[in-house]
Amino acid sequence: MKQRLEHMLSIQNSLHLNKTTIQDRPIRYLKQIPHHLLKGETELDFKQIVHQKELDLSLFEERYYVINLQDDTTISYYVSNEHDYDVRLDAGSYAVKSFLAGDEEKVIEEIEAFLHEVPFTQESAQPSSIILYENVPVSVTYQNSMVYTVEQGAGNRR
């Protein structure tokens with residue numbers, strides 16, 4: 001319990017809400033959530049998750065969404081490891097923005113604002129995809145909103 005609280009505090013202290021910053025990220029490995037565990041494109045089917053045994057996936061697992069900006073599709077992932085993953089997010093510098101959102105419209109509004117704030121150079125044109133995830137440890141401290149983070153940076157699909 002103490003470790004979880006310390007983890008929550010460290011994340012909360014490092015967040016810069018409503019401000020786009022450049023941050024270094026380690027390599028991250030993501031595994032796609034199987035379609036039979038989803039309702040629609042991104043919503044979890046809680047009944048299916050409770051009964052599934054093949055994955056180490058809980059209802060409280062941090063989920064990542066990779067949003068393809070060309071065709072407006074979203075794929076849901078959970079955190080995995082270097083031996084079993086579908087997407088590897090490379091270590092490096094990422095444009096990052098965290099924000100509070102109480103509904104989907106606010107999330108979309110913040111993503112659009114983020115895309116206008118990120119400085120793109122000639123070498124790095126408009127991104128083809130972005131990463132979105134809920135900061136679960138910090139969101140529990142807010143009653144009517146969730147804390148989301150949107151990122152754009154280097155990412156390789158396996």
# chains A, B, ... in the order shown; residues from 1 in each chain; ligands from 1

call {"tool": "residues_around", "arguments": {"residues": "segment 75-82 of chain A", "least_positions_apart": "4", "cutoff": "6 Å", "atoms": "only C-alpha atoms", "output": "list of chain:residue names"}}
result
A:Tyr29, A:Leu30, A:Lys31, A:Gln32, A:Ile33, A:Thr42, A:Arg63, A:Tyr64, A:Tyr65, A:Val66

call {"tool": "residues_around", "arguments": {"residues": "Asn144 of chain A", "least_positions_apart": "6", "cutoff": "10 Å", "atoms": "only C-alpha atoms", "output": "list in words"}}
result
Leu100, Ala101, Gly102 and Asp103 of chain A

call {"tool": "atom_distance", "arguments": {"atom1": "atom CA of Asn18 of chain A", "atom2": "atom CA of Glu117 of chain A"}}
result
11.1 Å

call {"tool": "atom_distance", "arguments": {"atom1": "atom CA of Glu62 of chain A", "atom2": "atom CA of Ser98 of chain A"}}
result
15.1 Å

call {"tool": "closest_residue", "arguments": {"among": "A:Leu69, A:Gly153, A:Arg28, A:Met1", "to": "Gly92 of chain A", "atoms": "only C-alpha atoms"}}
result
A:Gly153

call {"tool": "atom_distance", "arguments": {"atom1": "atom CA of Val147 of chain A", "atom2": "atom CA of Ser128 of chain A"}}
result
23.7 Å

call {"tool": "closest_residue", "arguments": {"among": "A:Thr20, A:Ser93, A:Gln3, A:Ser129", "to": "Thr74 of chain A", "atoms": "only C-alpha atoms"}}
result
A:Ser129
